[in-house]
Number of protein chains: 2
Amino acid sequence: MSKSSNPKTTARVIKTRKGKRSRANIVNTALDLIREKGFEETTMRAIAEKAGVSLGNAYHYYPSKAHLVQAFYQRTHEEHLAASRPALEKESTLKGRLLAVMRVKISTLEPYHEFAGVLFKTAADPQNPLNPFADESAPVRNESIKLFEELVTGSKIRVPKDLSAELPYLLWLYHMGVILFWIHDSSPQQRRTYRLIDRTVDLLDKLISLASNPLMSPVRKKALRLVAELREEIRDDRSIAHAEAAFS
Amino acid sequence: MSKSSNPKTTARVIKTRKGKRSRANIVNTALDLIREKGFEETTMRAIAEKAGVSLGNAYHYYPSKAHLVQAFYQRTHEEHLAASRPALEKESTLKGRLLAVMRVKISTLEPYHEFAGVLFKTAADPQNPLNPFADESAPVRNESIKLFEELVTGSKIRVPKDLSAELPYLLWLYHMGVILFWIHDSSPQQRRTYRLIDRTVDLLDKLISLASNPLMSPVRKKALRLVAELREEIRDDRSIAHAEAAFS
DNA sequence: GCCATTTTCTGAACGCGTTCAAAAAAAGTG
DNA sequence: CACTTTTTTTGAACGCGTTCAGAAAATGGC
């Protein structure tokens with residue numbers, strides 16, 4: 001995506017009302033074009049032209065094309081949240097809630113299936129601000145995890161405290177995995193993804209029950225300690241990277 | 001990576017000895033440069049120049065930069081295979097064998113850590129020939145899975161037939177996950193990845209024992225049917241895509 | 001209202017991966 | 001050897017994301 005080895009990551013601070021308008025104008029135009037033509041086919045030049053600004057100006061507000069995609073994430077998450085609301089008020093079992101939220105997620109993303117691969121292909125690049133684990137993704141990521149938190153706490157399921165603490169994060173990870181599958185799913189209407197969801201939700205529900213069994217406590221504790229540790233370390237990695245950046 | 005929406009994927013057939021020499025010359029130069037400077041920093045122009053051929057000629061043999069990376073995969077896999085040999089002859093438990101193979105894998109990849117992110121970031125793009133699930137990756141992937149097959153069959157562990165059939169593939173998937181973690185691991189000497197391996201191998205060993213318990217049979221069968229089905233579907237997807245391509 | 005400062009905006013330029021028509025070299029054929 | 005055909009090789013060109021010096025516009029202080 002970015003050609004330089006040290007991609008710009010800090011967004012400009014907007015000071016004037018005109019600036020706010022310009023920024024909104026650019027991102028809206030970009031999202032429209034992306035919806036219409038796909039991501040690769042939408043060039044920065046086309047965005048600037050349709051928005052009626054210069055190419056350089058678009059870069060003033062969005063230092064890279066990737067930053068426009070963050071806006072895309074934000075929007076689809078908001079849509080997903082709104083679309084999940086009714087199901088979360090109706091369903092009371094963990095299984096029912098998870099099933100509904102996952103299905104709604106995929107249907108929210110459906111219009112973007114053709115070019116979603118491009119959006120997510122940089123996800124594995126630690127340098128890229130698109131990376132779902134990156135600092136700049138934190139706002140969207142945390143909101144997304146919060147949805148799974150609500151999903152768990154609102155259900156009548158009773159699981160051990162240690163597990164329920166990590167469960168929202170684990171479910172978010174699971175949901176990322178499903179999206180990865182969905183990207184590769186070229187079946188009509190992505191039926192296979194829906195079937196995957198049906199089966200994995202069923203399986204997850206059983207596994208959670210199993211893991212809640214007192215007999216499983218040692219294995220569960222081991223696994224959860226691992227998960228917690230990894231989350232810590234990802235955080236640590238980043239603060240080290242920041243400290244190094246400050247000295248360079 | 002590629003700018004066009006329909007990337008070229010078929011490699012040229014080489015007919016002459018001179019062609020073979022040119023091709024080898026280009027890929028060797030490329031791998032040298034990539035090792036030396038990293039992936040993004042190694043431009044196709046630089047490769048062509050150092051190899052003493054024109055830019056267009058480099059593209060004649062490797063239709064995209066991504067295709068050069070396939071060669072990289074191939075090499076590191078061969079190194080990994082060779083380096084795993086001694087451990088596979090010494091260790092007899094599944095746990096010991098898996099631990100050794102995983103540790104050797106990471107140490108094989110170590111020289112490339114800096115730019116590995118770039119290599120793997122396209123992994124999630126279904127259109128990209130780099131994609132580990134893509135047809136063009138099949139040779140390397142299958143060889144890699146074969147290593148895990150040998151790892152399992154050579155161990156004295158006894159697991160249910162249904163599980164042992166899918167185990168090599170599952171371990172390959174696990175190994176891909178560890179690589180993903182390693183990419184993001186900026187700790188000195190990637191110590192965290194090694195610790196992750198230690199812990200997850202321990203956990204996997206316990207999980208495999210658990211899953212082999214007759215009491216777990218229903219859940220296990222359900223999970224394995226899911227895995228097998230997904231593998232089938234990935235294959236189907238591709239043949240559909242091929243059929244469509246033939247008509248266009 | 002005037003001026004200095006800050007913010008927004010412009011457009012040319014750069015280097016990149018990739019493409020392609022056509023030239024050069026090699027191989028095949030008699 | 002002369003010829004046609006195939007394969008290899010060239011280098012200019014294209015469109016892309018991105019950068020940057022400087023112009024234009026808006027803001028804030030007096």
# chains A, B, ... in the order shown; residues from 1 in each chain; ligands from 1

$ calpha_fit_and_write --fixed "chain B" --moving "chain A" --output "short mmCIF file (atom, residue, chain, number, x, y, z; two decimals) with C-alpha atoms, in the first residue's frame"
data_model
loop_
_atom_site.label_atom_id
_atom_site.label_comp_id
_atom_site.auth_asym_id
_atom_site.auth_seq_id
_atom_site.Cartn_x
_atom_site.Cartn_y
_atom_site.Cartn_z
CA MET A 1 0.79 -4.85 -4.37
CA SER A 2 -0.44 -5.22 -7.91
CA LYS A 3 -2.23 -2.23 -9.27
CA SER A 4 -4.43 -3.92 -11.82
CA SER A 5 -7.63 -5.58 -10.70
CA ASN A 6 -6.84 -8.68 -12.68
CA PRO A 7 -3.30 -9.60 -11.82
CA LYS A 8 -1.31 -11.79 -14.09
CA THR A 9 -0.82 -15.17 -12.52
CA THR A 10 0.59 -17.50 -15.16
CA ALA A 11 4.35 -17.73 -15.31
CA ARG A 12 6.10 -17.94 -18.64
CA VAL A 13 7.31 -21.29 -19.91
CA ILE A 14 11.04 -21.27 -20.46
CA LYS A 15 12.20 -22.94 -23.64
CA THR A 16 15.91 -22.40 -23.98
CA ARG A 17 18.95 -23.00 -21.78
CA LYS A 18 19.68 -19.33 -21.95
CA GLY A 19 16.19 -18.67 -20.64
CA LYS A 20 16.80 -20.98 -17.71
CA ARG A 21 20.02 -19.19 -16.90
CA SER A 22 18.38 -15.79 -17.10
CA ARG A 23 15.55 -16.85 -14.87
CA ALA A 24 17.86 -18.29 -12.26
CA ASN A 25 20.04 -15.21 -12.45
CA ILE A 26 17.06 -12.94 -11.84
CA VAL A 27 15.61 -14.84 -8.92
CA ASN A 28 18.99 -15.23 -7.22
CA THR A 29 19.75 -11.56 -7.56
CA ALA A 30 16.29 -10.73 -6.25
CA LEU A 31 16.60 -12.95 -3.18
CA ASP A 32 20.04 -11.52 -2.43
CA LEU A 33 18.74 -7.99 -2.64
CA ILE A 34 15.68 -8.80 -0.57
CA ARG A 35 17.84 -10.37 2.12
CA GLU A 36 20.12 -7.35 2.05
CA LYS A 37 17.69 -4.47 1.86
CA GLY A 38 14.21 -5.80 2.58
CA PHE A 39 11.26 -6.29 0.31
CA GLU A 40 9.81 -2.83 -0.22
CA GLU A 41 13.27 -1.33 -0.61
CA THR A 42 14.17 -3.84 -3.30
CA THR A 43 12.75 -2.43 -6.51
CA MET A 44 12.21 -4.32 -9.72
CA ARG A 45 14.51 -1.79 -11.37
CA ALA A 46 17.28 -2.53 -8.88
CA ILE A 47 16.86 -6.27 -9.41
CA ALA A 48 17.02 -5.89 -13.17
CA GLU A 49 20.04 -3.61 -12.99
CA LYS A 50 22.03 -5.81 -10.62
CA ALA A 51 21.12 -8.90 -12.63
CA GLY A 52 22.28 -7.09 -15.78
CA VAL A 53 18.99 -7.37 -17.64
CA SER A 54 16.33 -4.90 -18.65
CA LEU A 55 13.30 -4.18 -16.51
CA GLY A 56 11.00 -5.72 -19.09
CA ASN A 57 13.07 -8.86 -19.12
CA ALA A 58 12.70 -9.38 -15.40
CA TYR A 59 8.94 -9.20 -15.92
CA HIS A 60 9.23 -11.73 -18.71
CA TYR A 61 10.30 -14.36 -16.19
CA TYR A 62 8.49 -13.13 -13.11
CA PRO A 63 5.20 -11.51 -14.09
CA SER A 64 5.01 -9.65 -10.80
CA LYS A 65 7.04 -8.92 -7.73
CA ALA A 66 4.78 -11.29 -5.84
CA HIS A 67 6.02 -14.16 -7.97
CA LEU A 68 9.50 -13.55 -6.71
CA VAL A 69 8.18 -13.97 -3.21
CA GLN A 70 6.89 -17.44 -4.01
CA ALA A 71 10.49 -18.31 -4.71
CA PHE A 72 11.33 -16.93 -1.31
CA TYR A 73 8.73 -19.14 0.34
CA GLN A 74 10.10 -22.15 -1.45
CA ARG A 75 13.65 -21.48 -0.27
CA THR A 76 12.81 -20.87 3.36
CA HIS A 77 10.66 -23.99 3.38
CA GLU A 78 13.55 -26.04 2.06
CA GLU A 79 15.83 -24.61 4.71
CA HIS A 80 13.23 -25.37 7.35
CA LEU A 81 12.85 -28.93 6.16
CA ALA A 82 16.59 -29.55 6.25
CA ALA A 83 16.95 -27.93 9.65
CA SER A 84 14.07 -30.00 11.07
CA ARG A 85 15.56 -33.32 10.03
CA PRO A 86 17.85 -33.92 13.03
CA ALA A 87 15.11 -33.14 15.55
CA LEU A 88 12.64 -35.42 13.79
CA GLU A 89 15.14 -38.26 14.07
CA LYS A 90 15.82 -37.65 17.71
CA GLU A 91 12.43 -36.76 19.19
CA SER A 92 9.70 -39.36 19.42
CA THR A 93 6.86 -37.65 21.27
CA LEU A 94 4.44 -35.46 19.38
CA LYS A 95 5.09 -32.67 21.80
CA GLY A 96 8.84 -32.85 21.42
CA ARG A 97 8.64 -33.04 17.65
CA LEU A 98 6.22 -30.16 17.33
CA LEU A 99 8.22 -28.00 19.69
CA ALA A 100 11.41 -28.61 17.76
CA VAL A 101 9.86 -28.04 14.33
CA MET A 102 8.23 -24.80 15.40
CA ARG A 103 11.37 -23.45 17.01
CA VAL A 104 13.42 -24.32 13.97
CA LYS A 105 10.86 -22.61 11.75
CA ILE A 106 11.19 -19.34 13.58
CA SER A 107 14.95 -19.49 13.62
CA THR A 108 14.92 -20.16 9.87
CA LEU A 109 12.79 -17.10 9.29
CA GLU A 110 14.77 -14.94 11.70
CA PRO A 111 16.98 -13.19 9.12
CA TYR A 112 13.87 -11.96 7.35
CA HIS A 113 11.97 -10.65 10.33
CA GLU A 114 12.28 -6.99 9.44
CA PHE A 115 10.41 -7.25 6.21
CA ALA A 116 8.31 -10.33 6.81
CA GLY A 117 5.29 -8.15 7.49
CA VAL A 118 5.30 -7.00 3.93
CA LEU A 119 5.59 -10.53 2.67
CA PHE A 120 2.59 -11.71 4.57
CA LYS A 121 0.39 -8.69 4.43
CA THR A 122 -1.09 -9.78 1.13
CA ALA A 123 -1.89 -13.16 2.56
CA ALA A 124 -5.46 -12.12 3.22
CA ASP A 125 -6.08 -10.95 -0.34
CA PRO A 126 -7.87 -13.70 -2.26
CA GLN A 127 -6.75 -12.21 -5.57
CA ASN A 128 -3.10 -12.32 -4.77
CA PRO A 129 -0.96 -15.26 -5.85
CA LEU A 130 0.92 -14.88 -2.57
CA ASN A 131 -2.17 -15.93 -0.66
CA PRO A 132 -1.24 -19.15 1.13
CA PHE A 133 -4.54 -20.71 0.07
CA ALA A 134 -4.14 -19.82 -3.59
CA ASP A 135 -3.54 -22.35 -6.31
CA GLU A 136 -0.10 -21.06 -7.03
CA SER A 137 0.90 -21.54 -3.43
CA ALA A 138 -0.25 -25.17 -3.49
CA PRO A 139 3.18 -26.71 -4.12
CA VAL A 140 4.85 -24.99 -1.17
CA ARG A 141 1.77 -25.39 1.00
CA ASN A 142 1.47 -29.10 0.36
CA GLU A 143 5.13 -29.69 1.04
CA SER A 144 4.76 -27.79 4.25
CA ILE A 145 1.73 -29.82 5.30
CA LYS A 146 3.67 -32.96 4.43
CA LEU A 147 6.26 -31.99 7.01
CA PHE A 148 3.57 -31.88 9.67
CA GLU A 149 2.25 -35.21 8.43
CA GLU A 150 5.65 -36.73 8.97
CA LEU A 151 5.75 -35.04 12.35
CA VAL A 152 2.54 -36.79 13.39
CA THR A 153 3.01 -40.22 11.84
CA GLY A 154 6.58 -40.48 13.10
CA SER A 155 5.52 -39.85 16.68
CA LYS A 156 4.37 -42.59 19.01
CA ILE A 157 1.16 -40.78 19.84
CA ARG A 158 -2.10 -42.62 19.25
CA VAL A 159 -5.08 -40.49 18.32
CA PRO A 160 -8.46 -41.38 16.79
CA LYS A 161 -8.29 -41.90 13.03
CA ASP A 162 -10.62 -39.01 12.24
CA LEU A 163 -8.41 -36.62 14.16
CA SER A 164 -5.11 -37.90 12.84
CA ALA A 165 -6.37 -37.39 9.30
CA GLU A 166 -6.85 -33.67 9.83
CA LEU A 167 -4.10 -33.12 12.33
CA PRO A 168 -1.33 -32.24 9.85
CA TYR A 169 -3.50 -29.58 8.25
CA LEU A 170 -4.55 -28.23 11.64
CA LEU A 171 -0.95 -28.05 12.76
CA TRP A 172 -0.04 -26.24 9.56
CA LEU A 173 -2.77 -23.71 10.30
CA TYR A 174 -1.44 -23.36 13.83
CA HIS A 175 2.02 -22.76 12.42
CA MET A 176 0.64 -20.02 10.16
CA GLY A 177 -0.89 -18.39 13.21
CA VAL A 178 2.43 -18.48 15.04
CA ILE A 179 4.09 -16.83 12.05
CA LEU A 180 1.46 -14.11 12.13
CA PHE A 181 2.31 -13.50 15.77
CA TRP A 182 6.01 -13.54 15.02
CA ILE A 183 5.57 -10.82 12.43
CA HIS A 184 4.16 -8.54 15.08
CA ASP A 185 6.73 -9.53 17.68
CA SER A 186 9.34 -6.84 18.14
CA SER A 187 10.89 -8.23 21.32
CA PRO A 188 14.65 -8.88 21.19
CA GLN A 189 15.41 -12.09 19.31
CA GLN A 190 11.69 -12.62 19.12
CA ARG A 191 11.73 -14.16 22.56
CA ARG A 192 8.02 -13.74 22.92
CA THR A 193 7.36 -15.91 19.92
CA TYR A 194 9.51 -18.65 21.40
CA ARG A 195 7.60 -18.38 24.64
CA LEU A 196 4.33 -18.47 22.74
CA ILE A 197 5.48 -21.66 21.06
CA ASP A 198 6.46 -23.26 24.38
CA ARG A 199 3.08 -22.50 25.88
CA THR A 200 0.88 -23.30 22.91
CA VAL A 201 2.65 -26.57 22.15
CA ASP A 202 2.08 -27.61 25.72
CA LEU A 203 -1.55 -26.61 25.44
CA LEU A 204 -2.03 -28.29 22.08
CA ASP A 205 -0.60 -31.49 23.43
CA LYS A 206 -3.12 -31.43 26.27
CA LEU A 207 -5.95 -30.57 23.94
CA ILE A 208 -5.11 -33.41 21.60
CA SER A 209 -5.18 -35.81 24.54
CA LEU A 210 -8.49 -34.38 25.63
CA ALA A 211 -9.95 -34.59 22.16
CA SER A 212 -8.85 -38.21 21.94
CA ASN A 213 -10.95 -39.10 24.96
CA PRO A 214 -13.98 -41.17 23.92
CA LEU A 215 -16.22 -38.82 25.91
CA MET A 216 -15.26 -36.04 23.53
CA SER A 217 -16.14 -37.98 20.46
CA PRO A 218 -19.33 -36.05 19.57
CA VAL A 219 -17.73 -32.61 19.86
CA ARG A 220 -14.60 -33.80 18.11
CA LYS A 221 -16.57 -35.29 15.25
CA LYS A 222 -18.53 -32.08 14.86
CA ALA A 223 -15.41 -29.97 14.80
CA LEU A 224 -13.60 -32.26 12.37
CA ARG A 225 -16.53 -32.41 10.00
CA LEU A 226 -16.46 -28.63 9.94
CA VAL A 227 -12.75 -28.53 9.17
CA ALA A 228 -13.03 -31.11 6.42
CA GLU A 229 -15.96 -29.27 4.90
CA LEU A 230 -14.13 -25.98 4.85
CA ARG A 231 -11.19 -27.51 3.06
CA GLU A 232 -13.54 -28.94 0.46
CA GLU A 233 -15.22 -25.63 -0.03
CA ILE A 234 -12.03 -23.74 -0.53
CA ARG A 235 -11.25 -26.18 -3.31
CA ASP A 236 -14.73 -25.79 -4.81
CA ASP A 237 -14.50 -22.04 -4.73
CA ARG A 238 -11.43 -22.23 -6.81
CA SER A 239 -12.75 -24.54 -9.47
CA ILE A 240 -15.80 -22.31 -9.83
CA ALA A 241 -13.55 -19.32 -10.21
CA HIS A 242 -11.59 -21.15 -12.88
CA ALA A 243 -14.70 -22.11 -14.79
CA GLU A 244 -15.83 -18.50 -14.76
CA ALA A 245 -12.42 -17.33 -15.93
CA ALA A 246 -12.56 -19.73 -18.86
CA PHE A 247 -15.76 -18.08 -20.08
CA SER A 248 -14.60 -14.51 -19.80
#

$ interface_residues --of "chain C" --to "chain A" --cutoff "10 Å" --atoms "only C-alpha atoms (C1' of nucleotides)" --output "PyMOL selection string"
chain C and resi 6-11+15-16

$ atom_distance --atom1 "C1' of DG17 (chain C)" --atom2 "C1' of DC20 (chain D)"
22.9 Å

$ interface_residues --of "chain D" --to "chain A" --cutoff "10 Å" --atoms "only C-alpha atoms (C1' of nucleotides)" --output "list in words"
DG15, DC16, DG17, DT18, DT19, DC20, DA26 and DT27 of chain D

$ select_by_dssp --residues "region 7-208 of chain A" --states "alpha helix (DSSP H)" --output "ChimeraX atom specification"
/A:17-37,44-51,55-61,65-90,94-109,113-121,138-153,161-184,191-208
